[in-house]
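Here is the file upload_3.cif (mmCIF, C-alpha atoms).
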data_my_file
#
loop_
_atom_site.label_atom_id
_atom_site.label_comp_id
_atom_site.auth_asym_id
_atom_site.auth_seq_id
_atom_site.Cartn_x
_atom_site.Cartn_y
_atom_site.Cartn_z
CA MET A 1 -104.87 -20.49 209.95
CA ASP A 2 -104.47 -16.85 210.97
CA LEU A 3 -106.55 -14.88 208.45
CA THR A 4 -104.74 -11.66 209.30
CA ASP A 5 -101.77 -13.28 207.53
CA PRO A 6 -102.10 -12.25 203.85
CA ARG A 7 -101.13 -15.73 202.61
CA TYR A 8 -103.79 -17.52 204.65
CA ALA A 9 -106.43 -14.87 203.91
CA TYR A 10 -105.82 -15.41 200.18
CA MET A 11 -105.80 -19.19 200.57
CA PHE A 12 -109.05 -19.12 202.53
CA GLY A 13 -110.79 -16.91 199.95
CA PHE A 14 -109.69 -19.21 197.15
CA VAL A 15 -110.75 -22.36 199.01
CA GLN A 16 -114.07 -20.83 200.03
CA ALA A 17 -114.89 -19.97 196.41
CA ASP A 18 -113.39 -22.94 194.57
CA GLY A 19 -113.03 -25.71 197.16
CA HIS A 20 -115.36 -28.48 198.30
CA LEU A 21 -115.67 -29.77 201.86
CA SER A 22 -117.29 -33.21 202.03
CA ALA A 23 -118.13 -35.43 204.99
CA GLY A 24 -117.64 -39.18 204.82
CA PRO A 25 -118.80 -42.01 207.12
CA GLY A 26 -117.73 -41.62 210.73
CA LEU A 27 -115.01 -39.03 211.06
CA LYS A 28 -113.90 -39.33 207.47
CA GLY A 29 -114.12 -36.58 204.92
CA ARG A 30 -111.99 -34.32 202.79
CA LEU A 31 -111.35 -30.81 201.60
CA SER A 32 -110.50 -30.66 197.90
CA VAL A 33 -109.73 -27.96 195.37
CA GLU A 34 -109.77 -28.90 191.67
CA ILE A 35 -108.45 -26.41 189.11
CA ASN A 36 -106.95 -26.41 185.64
CA VAL A 37 -103.53 -28.04 185.67
CA ARG A 38 -101.99 -24.83 184.31
CA ASP A 39 -102.56 -23.33 187.78
CA ILE A 40 -101.05 -26.24 189.74
CA ALA A 41 -98.39 -23.93 191.23
CA ILE A 42 -100.96 -22.33 193.53
CA LEU A 43 -101.91 -25.76 194.90
CA ARG A 44 -98.27 -26.40 195.71
CA GLU A 45 -98.26 -23.13 197.66
CA PHE A 46 -101.34 -24.29 199.58
CA GLN A 47 -99.59 -27.58 200.31
CA ARG A 48 -96.54 -25.73 201.58
CA LEU A 49 -98.65 -23.49 203.84
CA THR A 50 -100.63 -26.37 205.35
CA PRO A 51 -99.13 -28.08 208.43
CA TYR A 52 -101.02 -31.32 207.69
CA ASN A 53 -100.49 -34.11 205.18
CA THR A 54 -102.03 -33.23 201.82
CA SER A 55 -101.75 -34.59 198.30
CA ILE A 56 -101.87 -33.23 194.76
CA SER A 57 -103.07 -35.44 191.92
CA GLU A 58 -104.00 -34.94 188.28
CA ARG A 59 -106.76 -36.31 186.06
CA ILE A 60 -108.12 -35.92 182.54
CA ARG A 61 -111.87 -36.11 181.99
CA ALA A 62 -114.64 -34.90 179.71
CA THR A 63 -116.57 -31.79 180.79
CA ASN A 64 -119.22 -29.55 179.27
CA PHE A 65 -116.44 -27.41 177.84
CA SER A 66 -113.79 -29.92 176.77
CA ASP A 67 -113.43 -33.60 175.89
CA ARG A 68 -110.05 -33.68 177.62
CA HIS A 69 -110.00 -31.35 180.60
CA HIS A 70 -106.68 -31.75 182.42
CA SER A 71 -107.06 -30.75 186.07
CA ALA A 72 -105.05 -30.81 189.29
CA ILE A 73 -106.62 -31.70 192.65
CA TRP A 74 -105.34 -30.72 196.09
CA THR A 75 -106.76 -32.88 198.89
CA LEU A 76 -106.65 -32.53 202.68
CA CYS A 77 -108.24 -35.18 204.94
CA SER A 78 -107.24 -34.18 208.49
CA LEU A 79 -110.32 -33.88 210.74
CA GLU A 80 -108.64 -31.15 212.79
CA ALA A 81 -107.92 -29.10 209.68
CA ARG A 82 -111.39 -29.67 208.22
CA THR A 83 -113.01 -28.60 211.48
CA LEU A 84 -111.03 -25.36 211.49
CA ILE A 85 -111.85 -24.62 207.84
CA ASN A 86 -115.53 -25.30 208.52
CA GLU A 87 -115.59 -23.03 211.58
CA LEU A 88 -113.96 -20.22 209.60
CA GLY A 89 -116.72 -20.33 206.99
CA VAL A 90 -116.47 -23.18 204.46
CA PRO A 91 -119.71 -25.21 204.80
CA TYR A 92 -119.93 -28.92 204.10
CA GLY A 93 -121.62 -29.82 200.82
CA ARG A 94 -123.11 -27.30 198.40
CA LYS A 95 -121.96 -23.90 199.56
CA SER A 96 -122.15 -21.31 196.78
CA LEU A 97 -125.20 -19.55 198.26
CA ARG A 98 -124.06 -19.86 201.88
CA ILE A 99 -120.49 -18.58 201.99
CA THR A 100 -119.80 -15.27 203.70
CA PRO A 101 -116.69 -13.21 204.44
CA PRO A 102 -114.94 -14.45 207.60
CA ARG A 103 -116.43 -13.43 210.94
CA VAL A 104 -112.97 -13.10 212.47
CA ASP A 105 -110.28 -10.51 211.78
CA PHE A 106 -108.88 -11.02 208.30
CA SER A 107 -106.83 -9.32 205.59
CA ALA A 108 -109.64 -8.10 203.34
CA ARG A 109 -107.74 -7.37 200.14
CA ASP A 110 -105.96 -10.73 200.22
CA TYR A 111 -109.22 -12.56 200.92
CA LEU A 112 -110.95 -10.81 198.01
CA ARG A 113 -108.00 -11.51 195.68
CA GLY A 114 -108.37 -15.21 196.53
CA VAL A 115 -112.08 -15.11 195.76
CA ILE A 116 -111.48 -13.28 192.47
CA ASP A 117 -108.64 -15.63 191.47
CA ALA A 118 -111.06 -18.54 191.96
CA ASP A 119 -114.30 -17.06 190.58
CA GLY A 120 -113.43 -13.81 188.86
CA SER A 121 -111.54 -12.24 185.99
CA VAL A 122 -109.10 -9.40 185.45
CA GLY A 123 -107.58 -7.98 182.27
CA ILE A 124 -108.34 -5.94 179.18
CA THR A 125 -111.56 -6.23 177.17
CA GLY A 126 -111.65 -6.78 173.42
CA GLN A 127 -112.27 -3.03 173.05
CA GLY A 128 -109.08 -2.27 174.98
CA PHE A 129 -110.58 -1.25 178.32
CA PRO A 130 -109.42 -2.57 181.74
CA PHE A 131 -111.77 -4.55 183.95
CA ILE A 132 -111.90 -6.67 187.10
CA SER A 133 -114.96 -8.75 187.93
CA LEU A 134 -116.41 -11.41 190.20
CA THR A 135 -119.10 -13.99 189.50
CA THR A 136 -120.70 -15.36 192.67
CA ALA A 137 -123.95 -16.86 193.94
CA SER A 138 -123.33 -15.50 197.45
CA THR A 139 -125.16 -12.31 198.36
CA ALA A 140 -122.81 -11.73 201.29
CA VAL A 141 -119.62 -12.02 199.22
CA GLY A 142 -120.98 -9.92 196.35
CA ALA A 143 -122.15 -7.19 198.72
CA TYR A 144 -118.84 -7.21 200.59
CA LEU A 145 -116.89 -6.70 197.35
CA CYS A 146 -119.13 -3.72 196.50
CA PHE A 147 -118.64 -2.26 199.99
CA TYR A 148 -114.87 -2.75 199.98
CA ALA A 149 -114.33 -1.53 196.41
CA LYS A 150 -116.33 1.63 197.18
CA GLN A 151 -113.77 2.48 199.88
CA VAL A 152 -110.86 1.87 197.47
CA THR A 153 -112.19 3.35 194.22
CA GLY A 154 -115.17 5.53 195.08
CA ALA A 155 -117.21 3.59 192.51
CA GLN A 156 -120.65 2.48 193.72
CA ARG A 157 -122.06 -0.87 192.58
CA TYR A 158 -125.35 -2.55 193.49
CA ILE A 159 -125.68 -6.31 193.19
CA ARG A 160 -128.58 -7.92 191.37
CA ARG A 161 -128.96 -11.56 190.37
CA ASN A 162 -129.17 -12.10 186.62
CA THR A 163 -132.37 -13.65 185.35
CA ARG A 164 -130.70 -16.52 183.50
CA ASP A 165 -129.05 -18.38 186.38
CA GLY A 166 -129.49 -16.23 189.48
CA ILE A 167 -125.80 -15.33 189.70
CA TYR A 168 -124.31 -11.96 190.65
CA ASN A 169 -121.85 -10.41 188.19
CA VAL A 170 -119.95 -7.52 189.78
CA MET A 171 -117.67 -5.61 187.40
CA TYR A 172 -115.42 -2.56 187.56
CA THR A 173 -113.97 -0.91 184.47
CA MET A 174 -111.72 1.97 183.43
CA GLU A 175 -110.02 3.93 186.25
CA ALA A 176 -111.98 2.10 188.95
CA ALA A 177 -110.66 -1.21 187.61
CA VAL A 178 -107.10 0.10 187.60
CA ARG A 179 -107.32 1.35 191.19
CA LEU A 180 -108.94 -1.83 192.51
CA THR A 181 -106.54 -4.11 190.62
CA GLU A 182 -103.50 -2.19 191.84
CA HIS A 183 -104.82 -2.47 195.39
CA LEU A 184 -105.55 -6.21 195.26
CA TYR A 185 -102.62 -7.42 193.13
CA TYR A 186 -99.79 -5.65 194.92
CA PRO A 187 -96.12 -6.61 194.36
CA GLY A 188 -95.12 -9.92 195.94
CA CYS A 189 -98.66 -11.04 196.76
CA LEU A 190 -99.75 -14.67 196.52
CA ALA A 191 -101.89 -15.09 193.39
CA LEU A 192 -102.40 -17.16 190.26
CA ARG A 193 -99.51 -16.35 187.94
CA ARG A 194 -101.71 -15.83 184.89
CA LYS A 195 -103.93 -13.39 186.77
CA GLN A 196 -100.92 -11.53 188.09
CA GLU A 197 -99.80 -11.16 184.48
CA SER A 198 -103.27 -9.99 183.42
CA ALA A 199 -103.29 -7.52 186.32
CA ALA A 200 -99.96 -6.13 185.10
CA THR A 201 -101.60 -5.20 181.78
CA VAL A 202 -104.29 -3.32 183.70
CA PHE A 203 -101.67 -1.33 185.65
CA THR A 204 -100.23 0.15 182.46
CA TRP A 205 -103.57 1.24 180.93
CA GLN A 206 -104.12 4.91 180.22
CA ARG A 207 -107.33 6.44 178.97
CA PRO A 208 -107.07 7.00 175.20
CA PRO A 209 -107.16 10.61 173.99
CA GLY A 210 -110.69 11.67 173.16
CA VAL A 211 -112.36 9.10 175.45
CA LYS A 212 -113.94 11.23 178.16
CA PRO A 213 -114.59 9.86 181.65
CA ARG A 214 -118.19 9.07 182.34
CA GLY A 215 -119.77 11.81 184.42
CA LYS A 216 -121.49 11.17 187.71
CA ASN A 217 -125.22 10.54 187.55
CA ARG A 218 -127.06 13.86 187.44
CA ARG A 219 -130.62 14.21 188.59
CA TRP A 220 -132.92 15.84 186.08
CA LYS A 221 -134.06 19.28 187.23
CA PRO A 222 -137.50 20.76 186.37
CA TRP A 223 -135.97 23.45 184.16
CA GLU A 224 -134.14 20.74 182.17
CA ASP A 225 -137.42 18.92 181.61
CA GLU A 226 -138.98 22.18 180.43
CA VAL A 227 -136.16 22.79 177.94
CA LEU A 228 -136.32 19.20 176.71
CA LEU A 229 -140.07 19.32 176.13
CA ARG A 230 -139.89 22.74 174.53
CA ILE A 231 -137.18 21.67 172.06
CA ASP A 232 -138.89 18.29 171.60
CA SER A 233 -135.77 16.74 170.08
CA ALA A 234 -133.14 14.65 171.89
CA ASP A 235 -130.50 15.48 169.28
CA SER A 236 -131.05 19.25 169.59
CA ALA A 237 -131.50 19.28 173.38
CA ALA A 238 -128.39 17.22 174.19
CA PRO A 239 -125.81 20.01 173.56
CA GLU A 240 -128.06 22.58 175.26
CA LEU A 241 -128.30 20.47 178.44
CA ASP A 242 -124.79 19.03 178.28
CA ARG A 243 -126.23 15.50 178.29
CA SER A 244 -125.99 12.54 175.96
CA VAL A 245 -128.50 12.05 173.16
CA ALA A 246 -129.43 8.66 174.65
CA SER A 247 -130.15 10.21 178.05
CA CYS A 248 -132.29 12.95 176.51
CA SER A 249 -134.14 10.44 174.33
CA VAL A 250 -135.10 8.23 177.27
CA ARG A 251 -136.08 11.20 179.42
CA LEU A 252 -138.24 12.70 176.65
CA TRP A 253 -140.02 9.38 176.11
CA ARG A 254 -140.74 9.04 179.83
CA LEU A 255 -142.08 12.59 180.03
CA LYS A 256 -144.35 12.17 177.02
CA SER A 257 -145.60 8.75 178.08
CA GLY A 258 -146.53 10.01 181.53
CA GLN A 259 -144.08 7.75 183.38
CA ILE A 260 -142.76 10.85 185.12
CA PRO A 261 -144.77 14.09 185.60
CA ALA A 262 -144.05 16.91 183.18
CA PRO A 263 -143.45 20.45 184.50
CA ALA A 264 -146.78 22.23 184.74
CA ASP A 265 -145.90 25.06 182.37
CA ALA A 266 -144.03 23.00 179.76
CA PRO A 267 -145.73 21.92 176.53
CA LEU A 268 -146.03 18.18 175.82
CA SER A 269 -145.12 18.89 172.19
CA GLN A 270 -144.44 21.82 169.95
#
Kindly return the structure encoded in the file as structure tokens.
Amino acid sequence: MDLTDPRYAYMFGFVQADGHLSAGPGLKGRLSVEINVRDIAILREFQRLTPYNTSISERIRATNFSDRHHSAIWTLCSLEARTLINELGVPYGRKSLRITPPRVDFSARDYLRGVIDADGSVGITGQGFPFISLTTASTAVGAYLCFYAKQVTGAQRYIRRNTRDGIYNVMYTMEAAVRLTEHLYYPGCLALRRKQESAATVFTWQRPPGVKPRGKNRRWKPWEDEVLLRIDSADSAAPELDRSVASCSVRLWRLKSGQIPAPADAPLSQ
């Protein structure tokens, strides 16, 4: 399983995110990947790429989301194959917190596409804006996506677990989403067909007239604080400072509440 080969890098990323490696008694055990039956074609690709005996089966069962969830399961039992997969970075048992990008040479964009196909999303929001995202419990994988996407798009993201379930949600939107999606879902790449189709809708997106790009974060300067306090109105100060009303409102509240020090010669109110 040469992870510099784009096909195997993708396959490994997908298996690492959505597969399960279990150990049985003695030398028994299995690697399995269970997905919605609509995506069974990708399991057939995995079967074709694997030089060991594997099987694909289907089942219908009740889940938290559906009374009749129809899934497809790809299973590999070879000890030699399982040992290799384990050494490359798929732990036995519960793994969501423990997975990391491979520690050997690998095709990064294909690996990340596999992870996103398994645990992410790509497409257009209900408001008509492009996005690509990943949901993961792994700090290492989330941080690696942020690092890699910064090189591709220039967009900086910082990961933080959400308070509800401790999961990282990393998302890119607008032009950053278009650039990252074009980079990951290149022509002829191995991917889930439905996500390839969703990626194609992202490629064609153009910013609507009148929707201005979000400016880079600007540090507040002392003279801006002075103007804001002197005007004492977010609505009136916004056009003067070329900032949003929301930004001016928050800054004014922080200045007046003492959360940040006010300029020495600026009045706290008019």
Separation of CA of Phe203 in chain A from CA of Ala176 in chain A, in Å and rounded to one decimal: 11.4 Å
Answer as a list in words, residues within 8 Å of (-114.9, -13.7, 195.5) using only C-alpha atoms: Gly13, Phe14, Ala17, Tyr111, Leu112, Arg113, Gly114, Val115, Ile116, Asp117, Ala118, Asp119, Gly120, Leu134, Thr135, Thr136, Val141, Gly142 and Leu145 of chain A
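Using only C-alpha atoms, the set of residues no farther than 12 Å from the position (-121.6, 1.9, 194.1) comprises A:Ala143, A:Tyr144, A:Leu145, A:Cys146, A:Phe147, A:Tyr148, A:Ala149, A:Lys150, A:Gln151, A:Val152, A:Thr153, A:Gly154, A:Ala155, A:Gln156, A:Arg157, A:Tyr158, A:Ile159, A:Val170, A:Met171, A:Tyr172, A:Ala176, A:Lys216, A:Asn217.
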Got a sec: who's within 12 Å of Met1 in chain A, counting all atoms listed in the file, leaving out chain neighbours fewer than 2 positions off, as a count of residues only? 28
Which residues are near Pro130 in chain A? Cut-off 12 Å, only C-alpha atoms, ignore same chain within fewer than 2 positions. Put them as a PyMOL selection string. chain A and resi 121-128+132-133+171-182+198-208
Specify as a tab-separated table (two decimals) with C-alpha atoms, in the coordinates of the input each residue included when the PyMOL selection byres ((chain A and resi 69) around 12) is applied to this file.
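Just written: expr_26.tsv:
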chain	number	residue	atom	x	y	z
A	34	GLU	CA	-109.77	-28.90	191.67
A	35	ILE	CA	-108.45	-26.41	189.11
A	36	ASN	CA	-106.95	-26.41	185.64
A	37	VAL	CA	-103.53	-28.04	185.67
A	38	ARG	CA	-101.99	-24.83	184.31
A	58	GLU	CA	-104.00	-34.94	188.28
A	59	ARG	CA	-106.76	-36.31	186.06
A	60	ILE	CA	-108.12	-35.92	182.54
A	61	ARG	CA	-111.87	-36.11	181.99
A	62	ALA	CA	-114.64	-34.90	179.71
A	63	THR	CA	-116.57	-31.79	180.79
A	64	ASN	CA	-119.22	-29.55	179.27
A	65	PHE	CA	-116.44	-27.41	177.84
A	66	SER	CA	-113.79	-29.92	176.77
A	67	ASP	CA	-113.43	-33.60	175.89
A	68	ARG	CA	-110.05	-33.68	177.62
A	70	HIS	CA	-106.68	-31.75	182.42
A	71	SER	CA	-107.06	-30.75	186.07
A	72	ALA	CA	-105.05	-30.81	189.29
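In terms of minimum interatomic distance to Lys95 in chain A, A:Asp18 ranks closest within A:Arg161, A:Lys28, A:Asp18, A:Ile73, counting all atoms listed in the file.
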I'd like the neighbourhood of Leu43 in chain A as a PDB file with C-alpha atoms, keeping the file's coordinate frame, where a residue qualifies if any of its atoms comes within 8 Å (using only C-alpha atoms), though same-chain residues fewer than 2 positions away should be ignored.
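Once written, selection.pdb looks like this:
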ATOM      1  CA  ASP A  39    -102.560 -23.330 187.780  1.00  0.00           C
ATOM      2  CA  ILE A  40    -101.050 -26.240 189.740  1.00  0.00           C
ATOM      3  CA  ALA A  41     -98.390 -23.930 191.230  1.00  0.00           C
ATOM      4  CA  GLU A  45     -98.260 -23.130 197.660  1.00  0.00           C
ATOM      5  CA  PHE A  46    -101.340 -24.290 199.580  1.00  0.00           C
ATOM      6  CA  GLN A  47     -99.590 -27.580 200.310  1.00  0.00           C
ATOM      7  CA  ILE A  56    -101.870 -33.230 194.760  1.00  0.00           C
ATOM      8  CA  ILE A  73    -106.620 -31.700 192.650  1.00  0.00           C
ATOM      9  CA  TRP A  74    -105.340 -30.720 196.090  1.00  0.00           C
TER      10      TRP A  74
END
Running the PyMOL selection byres ((chain A and resi 137) around 6) on this model by hand, what would come out? Give it as number ranges by chain. A: 96-97, 136, 138, 167-168
Can you measure CA of Cys248 in chain A to CA of Pro222 in chain A for me? One decimal in Å is fine. 13.6 Å
Nearest to Pro101 in chain A, chosen from A:Ser55, A:Ser244, A:Ser249, A:Gln16, with all atoms listed in the file counted in the distances: A:Gln16
Which residues, named as in the file, does the PyMOL selection byres ((chain A and resi 233) around 12) pick out? Answer as an MDAnalysis selection string. chainID A and resid 225 227:232 234:241 245:253 256 268:270
